[in-house]
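Scroll down for the structure; my scribbles are underneath it.
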Amino acid sequence: MTSEFTVRPARPIDARRLAELRWVFEQEDHEERPPTPARNLEEAEHWIRDRLRDGHWLAWVAEADREICGHVFLCLVERMPDPFEDNDPIGYVTNYFVLPSQRNKGAGSALLAALTQHARSAGLEGLIVWPSERSVPLYQRFGFQPPEELLELPRGT
C-alpha cells in the first residue's frame with residue numbers, strides 16, 4: 001500500500017512539528033505508562049531549530065497532506081585531520097520516525113533514500129546508527145552492515 005507523500009530537507013521553521021513528533025516517538029516506547037517529561041516541548045523546539053540553522057545537524061521530513069508525518073536526522077561528526085587519508089565526516093543517523101498511520105507506505109524508505117543520497121553526494125566517510133530491532137531490516141536493505149571495528153563503553157560501566 002502506498003500513499004501520496006513528499007520528502008524534503010527539514011527547515012528551521014519545521015522545528016515545532018519535529019519536536020512534537022520527537023515526543024510521540026519517545027512515548028511510543030512507553031505505551032502503558034509514559035513517564036513525565038523531564039523537559040518541555042519548547043526546549044526541544046529551540047534545540048532543533050538551532051541545530052538545523054547551524055548546519056551541523058540535517059534532517060529530512062516526509063509530508064502527507066501537507067503535514068509532516070515522518071523524519072530522520074543526521075549529525076555530521078568531524079574527524080581529526082590525517083596526513084595520509086581523507087578526514088571526511090561521518091554521519092550519525094538518529095531520530096528516525098514515521099507516524100504509525102503512515103508506516104508501510106514507503107515514507108520511511110523515501111526518508112532513508114534521501115539521507116543516504118545526501119551522504120554519498122556530500123562524501124561522508126560512512127553512516128552509523130543504533131537501530132531499533134524493528135528497523136534493522138530496513139537499514140540492511142539500504143546496505144547498512146554490522147561494524148567490523150567498533151567498541152562501545154555503555155554508560156555506567
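Quick note on naming: the chains in the C-alpha cells go A, B, ... in the order shown, residues restart at 1 in each chain, and ligands are numbered from 1 in order of appearance.
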
Spatial neighbours of Val77 (chain A), max dist 7 Å, only C-alpha atoms, sep filter under 3 positions, as a list in words:
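So, after excluding close chain neighbours, the residues are Pro89, Ile90, Gly91 and Tyr92 of chain A.
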
Could you write out that same residue set with all heavy atoms as a PDB file, in the first residue's frame?
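What follows is the written file out11.pdb:
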ATOM      1  N   PRO A  89      33.790  13.753   7.138  1.00  0.00           N
ATOM      2  CA  PRO A  89      32.979  13.473   8.329  1.00  0.00           C
ATOM      3  C   PRO A  89      32.221  12.154   8.225  1.00  0.00           C
ATOM      4  O   PRO A  89      32.020  11.607   7.140  1.00  0.00           O
ATOM      5  CB  PRO A  89      32.007  14.649   8.400  1.00  0.00           C
ATOM      6  CG  PRO A  89      32.085  15.342   7.110  1.00  0.00           C
ATOM      7  CD  PRO A  89      33.322  14.913   6.408  1.00  0.00           C
ATOM      8  N   ILE A  90      31.794  11.683   9.368  1.00  0.00           N
ATOM      9  CA  ILE A  90      30.937  10.506   9.482  1.00  0.00           C
ATOM     10  C   ILE A  90      29.537  11.027   9.795  1.00  0.00           C
ATOM     11  O   ILE A  90      29.388  12.033  10.485  1.00  0.00           O
ATOM     12  CB  ILE A  90      31.424   9.581  10.614  1.00  0.00           C
ATOM     13  CG1 ILE A  90      32.797   9.018  10.276  1.00  0.00           C
ATOM     14  CG2 ILE A  90      30.428   8.460  10.890  1.00  0.00           C
ATOM     15  CD1 ILE A  90      33.466   8.320  11.434  1.00  0.00           C
ATOM     16  N   GLY A  91      28.529  10.357   9.323  1.00  0.00           N
ATOM     17  CA  GLY A  91      27.159  10.755   9.621  1.00  0.00           C
ATOM     18  C   GLY A  91      26.543   9.845  10.666  1.00  0.00           C
ATOM     19  O   GLY A  91      26.592   8.619  10.545  1.00  0.00           O
ATOM     20  N   TYR A  92      25.990  10.450  11.701  1.00  0.00           N
ATOM     21  CA  TYR A  92      25.277   9.711  12.740  1.00  0.00           C
ATOM     22  C   TYR A  92      23.782   9.869  12.467  1.00  0.00           C
ATOM     23  O   TYR A  92      23.246  10.968  12.514  1.00  0.00           O
ATOM     24  CB  TYR A  92      25.657  10.258  14.120  1.00  0.00           C
ATOM     25  CG  TYR A  92      24.762   9.805  15.250  1.00  0.00           C
ATOM     26  CD1 TYR A  92      24.471   8.457  15.456  1.00  0.00           C
ATOM     27  CD2 TYR A  92      24.203  10.730  16.119  1.00  0.00           C
ATOM     28  CE1 TYR A  92      23.641   8.055  16.490  1.00  0.00           C
ATOM     29  CE2 TYR A  92      23.377  10.346  17.159  1.00  0.00           C
ATOM     30  CZ  TYR A  92      23.107   9.004  17.344  1.00  0.00           C
ATOM     31  OH  TYR A  92      22.284   8.610  18.359  1.00  0.00           O
TER      32      TYR A  92
END

Phe73 (chain A): which residues within 10 Å, counting only C-alpha atoms, same-chain residues fewer than 5 positions away excluded, as an mmCIF file with N, CA, C and O atoms, in the first residue's frame?
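Full text of selection.cif as output:
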data_model
loop_
_atom_site.group_PDB
_atom_site.id
_atom_site.type_symbol
_atom_site.label_atom_id
_atom_site.label_comp_id
_atom_site.auth_asym_id
_atom_site.auth_seq_id
_atom_site.Cartn_x
_atom_site.Cartn_y
_atom_site.Cartn_z
ATOM 1 N N PRO A 9 14.202 18.354 2.562
ATOM 2 C CA PRO A 9 15.034 18.714 3.718
ATOM 3 C C PRO A 9 14.210 19.500 4.737
ATOM 4 O O PRO A 9 13.359 20.314 4.369
ATOM 5 N N ALA A 10 14.466 19.242 5.999
ATOM 6 C CA ALA A 10 13.799 19.993 7.063
ATOM 7 C C ALA A 10 14.374 21.397 7.118
ATOM 8 O O ALA A 10 15.541 21.628 6.783
ATOM 9 N N LEU A 52 19.356 22.920 13.181
ATOM 10 C CA LEU A 52 19.082 22.991 11.745
ATOM 11 C C LEU A 52 19.649 24.282 11.144
ATOM 12 O O LEU A 52 20.099 24.285 10.001
ATOM 13 N N TRP A 57 23.582 19.699 12.138
ATOM 14 C CA TRP A 57 22.561 18.662 12.053
ATOM 15 C C TRP A 57 21.735 18.927 10.806
ATOM 16 O O TRP A 57 21.400 20.075 10.508
ATOM 17 N N LEU A 58 21.392 17.865 10.104
ATOM 18 C CA LEU A 58 20.496 17.936 8.957
ATOM 19 C C LEU A 58 19.323 17.012 9.241
ATOM 20 O O LEU A 58 19.436 16.095 10.051
ATOM 21 N N ALA A 59 18.230 17.236 8.565
ATOM 22 C CA ALA A 59 17.072 16.352 8.730
ATOM 23 C C ALA A 59 16.258 16.379 7.441
ATOM 24 O O ALA A 59 16.319 17.342 6.674
ATOM 25 N N TRP A 60 15.516 15.312 7.243
ATOM 26 C CA TRP A 60 14.576 15.210 6.125
ATOM 27 C C TRP A 60 13.218 14.889 6.717
ATOM 28 O O TRP A 60 13.122 14.182 7.720
ATOM 29 N N VAL A 61 12.182 15.409 6.084
ATOM 30 C CA VAL A 61 10.824 15.155 6.537
ATOM 31 C C VAL A 61 10.015 14.546 5.403
ATOM 32 O O VAL A 61 10.249 14.828 4.226
ATOM 33 N N GLY A 91 28.529 10.357 9.323
ATOM 34 C CA GLY A 91 27.159 10.755 9.621
ATOM 35 C C GLY A 91 26.543 9.845 10.666
ATOM 36 O O GLY A 91 26.592 8.619 10.545
ATOM 37 N N TYR A 92 25.990 10.450 11.701
ATOM 38 C CA TYR A 92 25.277 9.711 12.740
ATOM 39 C C TYR A 92 23.782 9.869 12.467
ATOM 40 O O TYR A 92 23.246 10.968 12.514
ATOM 41 N N VAL A 93 23.124 8.763 12.152
ATOM 42 C CA VAL A 93 21.698 8.742 11.823
ATOM 43 C C VAL A 93 20.911 8.501 13.108
ATOM 44 O O VAL A 93 21.204 7.563 13.852
ATOM 45 N N THR A 94 19.905 9.335 13.340
ATOM 46 C CA THR A 94 19.136 9.201 14.570
ATOM 47 C C THR A 94 17.741 9.797 14.412
ATOM 48 O O THR A 94 17.451 10.458 13.407
ATOM 49 N N ASN A 95 16.906 9.559 15.391
ATOM 50 C CA ASN A 95 15.561 10.127 15.455
ATOM 51 C C ASN A 95 14.786 9.863 14.158
ATOM 52 O O ASN A 95 14.190 10.761 13.572
ATOM 53 N N TYR A 96 14.800 8.615 13.743
ATOM 54 C CA TYR A 96 14.139 8.174 12.516
ATOM 55 C C TYR A 96 12.755 7.675 12.916
ATOM 56 O O TYR A 96 12.631 6.710 13.666
ATOM 57 N N PHE A 97 11.724 8.351 12.433
ATOM 58 C CA PHE A 97 10.380 8.050 12.899
ATOM 59 C C PHE A 97 9.360 8.369 11.817
ATOM 60 O O PHE A 97 9.460 9.379 11.129
ATOM 61 N N LEU A 111 12.569 8.493 3.120
ATOM 62 C CA LEU A 111 13.395 9.294 4.019
ATOM 63 C C LEU A 111 14.829 8.773 4.043
ATOM 64 O O LEU A 111 15.790 9.546 3.919
ATOM 65 N N LEU A 112 14.977 7.463 4.188
ATOM 66 C CA LEU A 112 16.316 6.883 4.249
ATOM 67 C C LEU A 112 17.034 7.019 2.910
ATOM 68 O O LEU A 112 18.245 7.246 2.866
ATOM 69 N N LEU A 115 18.392 10.584 2.763
ATOM 70 C CA LEU A 115 19.544 10.730 3.647
ATOM 71 C C LEU A 115 20.779 10.055 3.047
ATOM 72 O O LEU A 115 21.858 10.645 3.018
#

Could you tell me, as a VMD selection string, which residues of region 3-151 of chain A DSSP assigns to strand (DSSP E or B) when given the backbone?
chain A and resid 6 to 9 57 to 64 67 to 77 90 to 98 127 to 129

Excluding same-chain residues fewer than 3 positions from Asn40 (chain A), what lies within 10 Å of it counting only C-alpha atoms, as number ranges by chain?
A: 19, 23, 37, 43-45

DSSP on the backbone: which residues in region 81-151 of chain A end up as alpha helix (DSSP H)? Give the answer as an MDAnalysis selection string.
chainID A and resid 107:122 136:141

Selected residues, all heavy atoms, written as a compact mmCIF listing (two decimals), in the first residue's frame, please.
# COMPACT_ATOMS: atom_id res chain seq x y z
N ALA A 107 7.07 5.91 3.05
CA ALA A 107 7.65 7.15 3.57
C ALA A 107 9.00 6.88 4.24
O ALA A 107 9.95 7.64 4.05
CB ALA A 107 6.70 7.83 4.55
N GLY A 108 9.10 5.83 5.03
CA GLY A 108 10.35 5.52 5.72
C GLY A 108 11.48 5.23 4.75
O GLY A 108 12.59 5.73 4.90
N SER A 109 11.19 4.44 3.72
CA SER A 109 12.21 4.15 2.71
C SER A 109 12.62 5.41 1.96
O SER A 109 13.81 5.62 1.67
CB SER A 109 11.69 3.12 1.71
OG SER A 109 11.54 1.87 2.33
N ALA A 110 11.66 6.27 1.66
CA ALA A 110 11.98 7.52 0.96
C ALA A 110 12.84 8.44 1.82
O ALA A 110 13.76 9.10 1.31
CB ALA A 110 10.69 8.22 0.53
N LEU A 111 12.57 8.49 3.12
CA LEU A 111 13.39 9.29 4.02
C LEU A 111 14.83 8.77 4.04
O LEU A 111 15.79 9.55 3.92
CB LEU A 111 12.82 9.28 5.44
CG LEU A 111 11.60 10.13 5.69
CD1 LEU A 111 10.94 9.74 7.01
CD2 LEU A 111 11.97 11.61 5.70
N LEU A 112 14.98 7.46 4.19
CA LEU A 112 16.32 6.88 4.25
C LEU A 112 17.03 7.02 2.91
O LEU A 112 18.24 7.25 2.87
CB LEU A 112 16.24 5.42 4.70
CG LEU A 112 17.51 4.81 5.27
CD1 LEU A 112 18.14 5.68 6.33
CD2 LEU A 112 17.22 3.43 5.80
N ALA A 113 16.30 6.94 1.81
CA ALA A 113 16.90 7.14 0.49
C ALA A 113 17.43 8.56 0.35
O ALA A 113 18.54 8.78 -0.18
CB ALA A 113 15.89 6.84 -0.61
N ALA A 114 16.67 9.55 0.81
CA ALA A 114 17.12 10.94 0.73
C ALA A 114 18.37 11.16 1.57
O ALA A 114 19.33 11.81 1.13
CB ALA A 114 16.01 11.89 1.19
N LEU A 115 18.39 10.58 2.76
CA LEU A 115 19.54 10.73 3.65
C LEU A 115 20.78 10.06 3.05
O LEU A 115 21.86 10.65 3.02
CB LEU A 115 19.22 10.15 5.02
CG LEU A 115 20.32 10.29 6.07
CD1 LEU A 115 19.71 10.56 7.43
CD2 LEU A 115 21.18 9.06 6.12
N THR A 116 20.65 8.83 2.57
CA THR A 116 21.82 8.12 2.03
C THR A 116 22.31 8.77 0.74
O THR A 116 23.52 8.80 0.49
CB THR A 116 21.54 6.62 1.82
OG1 THR A 116 20.40 6.45 0.98
CG2 THR A 116 21.30 5.92 3.15
N GLN A 117 21.40 9.31 -0.07
CA GLN A 117 21.82 10.02 -1.27
C GLN A 117 22.64 11.26 -0.90
O GLN A 117 23.67 11.54 -1.49
CB GLN A 117 20.61 10.42 -2.12
CG GLN A 117 20.97 11.25 -3.34
CD GLN A 117 21.97 10.56 -4.25
OE1 GLN A 117 21.90 9.36 -4.48
NE2 GLN A 117 22.94 11.30 -4.75
N HIS A 118 22.18 11.98 0.11
CA HIS A 118 22.93 13.14 0.59
C HIS A 118 24.31 12.71 1.08
O HIS A 118 25.32 13.37 0.77
CB HIS A 118 22.18 13.87 1.71
CG HIS A 118 23.02 14.95 2.32
ND1 HIS A 118 23.17 16.19 1.74
CD2 HIS A 118 23.81 14.94 3.43
CE1 HIS A 118 24.00 16.91 2.48
NE2 HIS A 118 24.40 16.17 3.51
N ALA A 119 24.38 11.64 1.85
CA ALA A 119 25.66 11.17 2.39
C ALA A 119 26.64 10.86 1.27
O ALA A 119 27.82 11.20 1.35
CB ALA A 119 25.43 9.93 3.27
N ARG A 120 26.15 10.22 0.21
CA ARG A 120 27.02 9.91 -0.93
C ARG A 120 27.49 11.18 -1.63
O ARG A 120 28.67 11.35 -1.92
CB ARG A 120 26.30 9.00 -1.91
CG ARG A 120 26.14 7.58 -1.43
CD ARG A 120 25.49 6.69 -2.49
NE ARG A 120 25.16 5.42 -1.92
CZ ARG A 120 23.94 5.09 -1.48
NH1 ARG A 120 22.93 5.94 -1.60
NH2 ARG A 120 23.72 3.90 -0.96
N SER A 121 26.57 12.08 -1.90
CA SER A 121 26.94 13.29 -2.64
C SER A 121 27.82 14.22 -1.80
O SER A 121 28.62 14.97 -2.35
CB SER A 121 25.70 14.02 -3.15
OG SER A 121 24.92 14.50 -2.09
N ALA A 122 27.68 14.18 -0.48
CA ALA A 122 28.49 15.02 0.40
C ALA A 122 29.84 14.38 0.71
O ALA A 122 30.69 15.01 1.36
CB ALA A 122 27.74 15.30 1.70
N VAL A 136 16.04 -2.71 11.90
CA VAL A 136 17.23 -3.36 11.34
C VAL A 136 17.01 -3.83 9.89
O VAL A 136 17.84 -3.56 9.03
CB VAL A 136 17.72 -4.51 12.24
CG1 VAL A 136 18.76 -5.38 11.54
CG2 VAL A 136 18.29 -3.96 13.54
N PRO A 137 15.92 -4.53 9.56
CA PRO A 137 15.75 -4.97 8.17
C PRO A 137 15.74 -3.82 7.16
O PRO A 137 16.30 -3.96 6.07
CB PRO A 137 14.40 -5.71 8.19
CG PRO A 137 14.23 -6.16 9.60
CD PRO A 137 14.85 -5.06 10.43
N LEU A 138 15.13 -2.71 7.51
CA LEU A 138 15.12 -1.56 6.60
C LEU A 138 16.53 -1.04 6.38
O LEU A 138 16.95 -0.82 5.25
CB LEU A 138 14.22 -0.45 7.15
CG LEU A 138 14.22 0.85 6.32
CD1 LEU A 138 13.69 0.60 4.91
CD2 LEU A 138 13.39 1.91 7.02
N TYR A 139 17.28 -0.85 7.45
CA TYR A 139 18.66 -0.38 7.30
C TYR A 139 19.47 -1.37 6.46
O TYR A 139 20.27 -0.96 5.61
CB TYR A 139 19.32 -0.18 8.67
CG TYR A 139 18.87 1.07 9.38
CD1 TYR A 139 18.14 1.00 10.56
CD2 TYR A 139 19.19 2.33 8.89
CE1 TYR A 139 17.75 2.15 11.23
CE2 TYR A 139 18.80 3.48 9.55
CZ TYR A 139 18.07 3.39 10.72
OH TYR A 139 17.68 4.52 11.37
N GLN A 140 19.29 -2.65 6.68
CA GLN A 140 20.04 -3.65 5.91
C GLN A 140 19.69 -3.58 4.43
O GLN A 140 20.58 -3.75 3.58
CB GLN A 140 19.80 -5.05 6.48
CG GLN A 140 20.47 -5.24 7.81
CD GLN A 140 20.18 -6.58 8.45
OE1 GLN A 140 19.12 -7.18 8.24
NE2 GLN A 140 21.11 -7.08 9.25
N ARG A 141 18.43 -3.31 4.10
CA ARG A 141 18.06 -3.16 2.68
C ARG A 141 18.80 -2.00 2.03
O ARG A 141 19.01 -2.00 0.81
CB ARG A 141 16.55 -2.98 2.53
CG ARG A 141 15.75 -4.24 2.71
CD ARG A 141 14.32 -4.12 2.22
NE ARG A 141 13.53 -3.07 2.83
CZ ARG A 141 12.83 -3.19 3.95
NH1 ARG A 141 12.83 -4.35 4.61
NH2 ARG A 141 12.13 -2.19 4.43

Using only C-alpha atoms for the distances, tell me which of A:Asp82, A:Glu20, A:Glu125, A:Glu26 is nearest to Ile48 (chain A).
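Nearest to Ile48 (chain A): A:Glu20.
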
Separation of CA of His56 (chain A) and CA of Leu124 (chain A), in Å?
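Value for the CA of His56 (chain A)-CA of Leu124 (chain A) distance: 13.2 Å.
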
Distance in Å - CA of Thr6 (chain A) versus CA of Asp29 (chain A)
26.7 Å
